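Undergrad: Mind looking over this structure? Questions follow.
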Amino acid sequence: MRKRGKTGTPHDDKYLNKLASSGLDLDDAAVLGMSYLSGNETALLHSSFKPLAALRIDYFGIDGLTMSNRPKHPPFYRLRYIETDKNFSGQTEAKQPRYVQEPESGVGAYFPKLINWLEVAASDQAILITEGELKAAKATKEGFPTIGLGGVWNFKSAKSGVPFLPELEKINWVGRNVYIVYDSDFREKEGVVLAINALAEELVDRGAIPFVVALPELSEDVDTKTGLDDFLIHPSGGRNQLIQLLHTGQPLMLAKPLWALNDQVVYVRSPGLIVEQRDDNKLSPSAFKEHAYSAAKYMEQEFKADGSVSLKKVPAAGAWLKWPHRREVNKLTYAPGQEKFCDDPETKLSAYNTWSGWGCEPRKGDTRPWHQLIKHLFSDAEKGAIDWFLDWCAYPLQYPGTKLFSAVVVHGIHEGTGKSLIGYTLGKIYGENFVEIRQEDLHNGRNDWAENKQFVLGDEVTGSDRRQDADTLKKLITQKKIRIDIKYVPAYSLPDCINYYFTSNQPDSFFMGDKDRRYMVVEVVLPPLGEEFYAEYDLWMHGDGPSHLFHELLQRDLSNFNPAAPAFMTKAKQRMVADTRSDLASWVRQLLADPDRILRIGQLKIERDLVTNKDLLRLYDVDGTKKLTANGLGRELRRAGVPLANNGDPVSTSLGLERLYIVRNVNQWAGATTKQIQAHVDKAEGQLVKKGVRR
């Protein structure tokens, strides 16, 4: 319901609440020239405005008159929406704009009409500068002359080529203390820090003495920042507390070397290290202070007993580590496609993103060499294999940071076919986020090769020699987090976004179980193409080819690709599974496939569906030369998925107290009772005794 306050200004509760959230009321709004607009009134002002209730903020110059940014233009104003757009378009916006203004209306500095700005401009009184009109109004109301900027860069007009707004030029800045008081999260935002430095330089050029003031975080919610108005109305803040903060403000020009370090490095609280922003190089605090940045100096103020101040040159790196305005984040993250400074997707804490960007820009063009090579390498693969592989290549590009939990293995005895060229070509797209590894990298005590990587080519990396290698590769392919261990730097964890492409000349290069879901395997059966093709491919790959492939993969329809599904099954994979089995594993598979052939003593068939590991050991190792125990055979049975009767609990039969494996009629025996199991075993054993096989 629309009401009328004691000033006579129409309003509603949302308007009152918005003013109150900044410590203002209707009387303040009347003096400030602010007014309430209904949704219809907002929409009538300009076609670009949404029909939402809004707070109209008119701008005035230091003379108290309405201000126009350009000759013959109407007075400048901005709107602050005070309700949320509930329609469909509003719901689909990433972040709905709260402040709007007419297109091409320029920028202006806001002078709250609560004081005589002409007197302030001519005096040497300190001035605060903040981002936001309501914040400026509240601070001015509390006795701190404060200029509000519509944005952190709005002290200038880039479109007009004006480095410092004309209305700001009307102030006598010489010898004046100026306190820049932006929101509490400014240190985590690269653009805001750059804007502070740029504003400070303009102020210094005009004789001002700029300081930056860091507001404390007053909310336990990590997503809630503290603005100047928030601080002034908070129980822990207020006018007196702001005075104390202003006294601790950092002089920007004395601290210029420290601000310069903010442009070069960032401190990461967990695990406590420094990152160089140009190349994401990691430094321990001691290496940062004592070696890498030891030459940088900083002039530190020293107050003497007589009240005088002297300057002392000290190492800038150590001072920066103690400096309250140092650029810092809570943690490191690896978030392909995101900004350098962002929130960690899981914890929502501030983070420094070590993703270095793509290796090339997508551009439409010729991709025939790529498809000719793929067709050649996949000539023996099943129908659908090429499409699945291309989808596998495209998905992490269309959805950066996706870990597919599947890997591709391309092997063949012919050398020089171009198996590795596939990895190198995709590596051109990933740029610095690509690395090639070899077998020895798996056994290196440190995994610095995995730092900041999205795509890995494993050339002659194998998981077949030892089960430990196979387990290591399975973990690498499926893990969601990776712990990075670099010499001289504290270890830390990052999201694991790596997808793996392996090549080999060996048909048994990877150990895989029968039920493996991680690997797609392709065997290259044809000899290499002609030398002319590979020469042309090399020119294509080192030219614009990767950009053209990048574009094609970004446009690829992935509606039928499930990134969480098992890898595409091929006959080449089935052959590799068989080739990498041990003799025992192959025998167990034969047992499961044809138990009647395996379960025999000479020509006599063993009728039992339930057998012990000792029974099977006697059949497998007839002469006792294989150095295998019954327990070892039992482990292979479990790996092959052979179920146990009686839920795995031992059963007392004529054989003794034994665990019994179900090798025939699984459905019948899976739910059988103990008595049924005993009867079956004892009957079968009795028949063997009658035939003279058992005593």
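In the structure tokens, the first chain shown is A, the next is B, and so on; residue numbers restart at 1 for each chain, and ligands run from 1 in the order shown.
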For A:Glu167, please output as a list of chain:residue names all residues within 8 Å (counting only C-alpha atoms; exclusion window: fewer than 2 positions along the same chain).
TA: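 Listed by chain and then number, they are A:Gly61, A:Ile62, A:Gly108, A:Ala109, A:Leu165, A:Glu169, A:Lys170, A:Ile171.
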Undergrad: How would you write, as JSON, numbers by chain, the set of residues in stretch 76-294 of chain A that DSSP gives as alpha helix (DSSP H)?
TA: {"A": [88, 89, 90, 91, 92, 117, 118, 119, 120, 121, 122, 133, 134, 135, 136, 137, 138, 139, 140, 141, 166, 167, 168, 169, 190, 191, 192, 193, 194, 195, 196, 197, 198, 199, 200, 201, 202, 203, 204, 205, 228, 229, 230, 231, 232, 233, 239, 240, 241, 242, 243, 244, 245, 246, 247, 256, 257, 258, 259, 260, 261, 262, 263, 264, 285, 286, 287]}
Undergrad: Include C-alpha atoms and write out the residues we just selected as an mmCIF file, in the first residue's frame.
TA:
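Generated output (selection.cif):
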```cif
data_model
loop_
_atom_site.group_PDB
_atom_site.id
_atom_site.type_symbol
_atom_site.label_atom_id
_atom_site.label_comp_id
_atom_site.auth_asym_id
_atom_site.auth_seq_id
_atom_site.Cartn_x
_atom_site.Cartn_y
_atom_site.Cartn_z
ATOM 1 C CA PHE A 88 11.065 -15.171 -16.384
ATOM 2 C CA SER A 89 13.784 -12.897 -17.760
ATOM 3 C CA GLY A 90 14.597 -11.699 -14.269
ATOM 4 C CA GLN A 91 14.999 -15.267 -13.053
ATOM 5 C CA THR A 92 17.405 -16.186 -15.822
ATOM 6 C CA TRP A 117 29.839 21.467 -0.109
ATOM 7 C CA LEU A 118 31.112 24.868 -1.278
ATOM 8 C CA GLU A 119 32.503 25.453 2.225
ATOM 9 C CA VAL A 120 34.010 21.972 2.367
ATOM 10 C CA ALA A 121 35.571 22.369 -1.083
ATOM 11 C CA ALA A 122 37.321 25.584 -0.068
ATOM 12 C CA GLU A 133 25.232 7.147 -2.908
ATOM 13 C CA LEU A 134 23.431 5.787 0.161
ATOM 14 C CA LYS A 135 26.743 5.021 1.882
ATOM 15 C CA ALA A 136 27.952 8.547 1.155
ATOM 16 C CA ALA A 137 24.703 10.005 2.466
ATOM 17 C CA LYS A 138 24.888 8.085 5.760
ATOM 18 C CA ALA A 139 28.539 9.004 6.377
ATOM 19 C CA THR A 140 27.839 12.662 5.590
ATOM 20 C CA LYS A 141 24.877 12.581 7.954
ATOM 21 C CA PRO A 166 34.928 18.204 -13.659
ATOM 22 C CA GLU A 167 32.866 18.385 -10.458
ATOM 23 C CA LEU A 168 35.774 16.797 -8.554
ATOM 24 C CA GLU A 169 38.171 19.336 -10.054
ATOM 25 C CA GLU A 190 41.568 -7.141 -8.596
ATOM 26 C CA GLY A 191 39.581 -4.441 -10.400
ATOM 27 C CA VAL A 192 38.781 -2.605 -7.168
ATOM 28 C CA VAL A 193 42.429 -2.555 -6.079
ATOM 29 C CA LEU A 194 43.457 -1.200 -9.471
ATOM 30 C CA ALA A 195 40.762 1.477 -9.208
ATOM 31 C CA ILE A 196 41.967 2.526 -5.736
ATOM 32 C CA ASN A 197 45.501 2.981 -7.028
ATOM 33 C CA ALA A 198 44.311 4.930 -10.057
ATOM 34 C CA LEU A 199 42.146 7.229 -7.918
ATOM 35 C CA ALA A 200 45.020 7.748 -5.480
ATOM 36 C CA GLU A 201 47.345 8.792 -8.303
ATOM 37 C CA GLU A 202 44.835 11.380 -9.544
ATOM 38 C CA LEU A 203 44.436 12.734 -6.005
ATOM 39 C CA VAL A 204 48.200 12.932 -5.451
ATOM 40 C CA ASP A 205 48.607 14.779 -8.756
ATOM 41 C CA LEU A 228 30.400 2.128 4.966
ATOM 42 C CA ASP A 229 26.718 2.481 5.864
ATOM 43 C CA ASP A 230 26.672 -1.065 7.271
ATOM 44 C CA PHE A 231 29.583 -0.183 9.534
ATOM 45 C CA LEU A 232 28.006 3.026 10.794
ATOM 46 C CA ILE A 233 24.718 1.374 11.811
ATOM 47 C CA ARG A 239 30.820 7.116 14.395
ATOM 48 C CA ASN A 240 33.539 6.808 17.046
ATOM 49 C CA GLN A 241 34.774 3.525 15.653
ATOM 50 C CA LEU A 242 35.006 5.062 12.177
ATOM 51 C CA ILE A 243 37.138 7.880 13.581
ATOM 52 C CA GLN A 244 39.503 5.268 14.990
ATOM 53 C CA LEU A 245 39.633 3.481 11.628
ATOM 54 C CA LEU A 246 40.464 6.723 9.840
ATOM 55 C CA HIS A 247 43.422 7.209 12.186
ATOM 56 C CA LYS A 256 53.144 2.574 -3.031
ATOM 57 C CA PRO A 257 55.762 -0.252 -3.039
ATOM 58 C CA LEU A 258 53.336 -2.396 -1.049
ATOM 59 C CA TRP A 259 50.489 -1.640 -3.428
ATOM 60 C CA ALA A 260 52.860 -2.510 -6.261
ATOM 61 C CA LEU A 261 53.407 -5.904 -4.631
ATOM 62 C CA ASN A 262 49.623 -6.362 -4.561
ATOM 63 C CA ASP A 263 49.754 -6.191 -8.348
ATOM 64 C CA GLN A 264 52.454 -8.867 -8.456
ATOM 65 C CA PRO A 285 56.979 -16.896 2.889
ATOM 66 C CA SER A 286 60.675 -17.287 3.715
ATOM 67 C CA ALA A 287 61.676 -17.615 0.049
#
```
Undergrad: If I take atom CA of A:Tyr500 and atom CA of A:Val456, how far is one from the other in Å, to one decimal?
TA: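 Separation of atom CA of A:Tyr500 and atom CA of A:Val456: 4.9 Å.
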Undergrad: Quick one: which stretch 522-615 of chain A residues come within 9 Å of stretch 630-645 of chain A, and what is the nearest atom pair for each with the distance in Å to one decimal, counting only C-alpha atoms, rows ordered by chain and ascending number, as CSV?
TA:
```
residue,atom,partner,partner_atom,distance
A:Leu584,CA,A:Glu636,CA,7.6
A:Ala585,CA,A:Glu636,CA,6.5
A:Val588,CA,A:Leu637,CA,6.8
A:Arg589,CA,A:Ala640,CA,7.4
A:Leu592,CA,A:Val642,CA,8.2
A:Leu610,CA,A:Ala645,CA,7.7
A:Thr612,CA,A:Gly634,CA,8.6
A:Asn613,CA,A:Ala630,CA,5.4
A:Lys614,CA,A:Ala630,CA,5.3
A:Asp615,CA,A:Ala630,CA,8.7
```
Undergrad: With N, CA and C atoms retained, could you export that selection as a short mmCIF file (atom, residue, chain, number, x, y, z; two decimals), in the first residue's frame?
TA:
```cif
data_model
loop_
_atom_site.label_atom_id
_atom_site.label_comp_id
_atom_site.auth_asym_id
_atom_site.auth_seq_id
_atom_site.Cartn_x
_atom_site.Cartn_y
_atom_site.Cartn_z
N LEU A 584 46.17 -67.59 -13.42
CA LEU A 584 45.12 -67.93 -12.45
C LEU A 584 43.81 -67.22 -12.80
N ALA A 585 43.91 -65.92 -13.14
CA ALA A 585 42.70 -65.17 -13.47
C ALA A 585 42.02 -65.77 -14.70
N VAL A 588 40.19 -68.95 -13.65
CA VAL A 588 38.94 -68.66 -12.94
C VAL A 588 37.85 -68.24 -13.91
N ARG A 589 38.20 -67.46 -14.95
CA ARG A 589 37.20 -67.05 -15.94
C ARG A 589 36.70 -68.27 -16.72
N LEU A 592 34.18 -70.05 -14.60
CA LEU A 592 32.86 -69.41 -14.59
C LEU A 592 32.14 -69.60 -15.91
N LEU A 610 28.62 -75.94 -5.17
CA LEU A 610 29.28 -75.17 -4.11
C LEU A 610 30.63 -75.83 -3.82
N THR A 612 34.90 -75.28 -2.27
CA THR A 612 35.80 -74.48 -1.43
C THR A 612 37.01 -74.03 -2.24
N ASN A 613 37.73 -73.05 -1.70
CA ASN A 613 38.95 -72.61 -2.38
C ASN A 613 39.99 -73.73 -2.39
N LYS A 614 39.95 -74.63 -1.40
CA LYS A 614 40.88 -75.75 -1.37
C LYS A 614 40.56 -76.75 -2.48
N ASP A 615 39.24 -76.98 -2.71
CA ASP A 615 38.84 -77.85 -3.82
C ASP A 615 39.41 -77.33 -5.13
#
```
Undergrad: Could you give me the residues within stretch 257-454 of chain A that DSSP places in strand (DSSP E or B), as a PyMOL selection string?
TA: chain A and resi 265-270+273-276+281-283+297-303+309-315+328-333+341-343+350-353+407-411+434-437
Undergrad: Determine the nearest neighbour of A:Val162 from the options A:Trp370, A:Met67, A:Lys86, A:Val107, counting only C-alpha atoms.
TA: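 The answer is A:Val107, which sits nearest to A:Val162.
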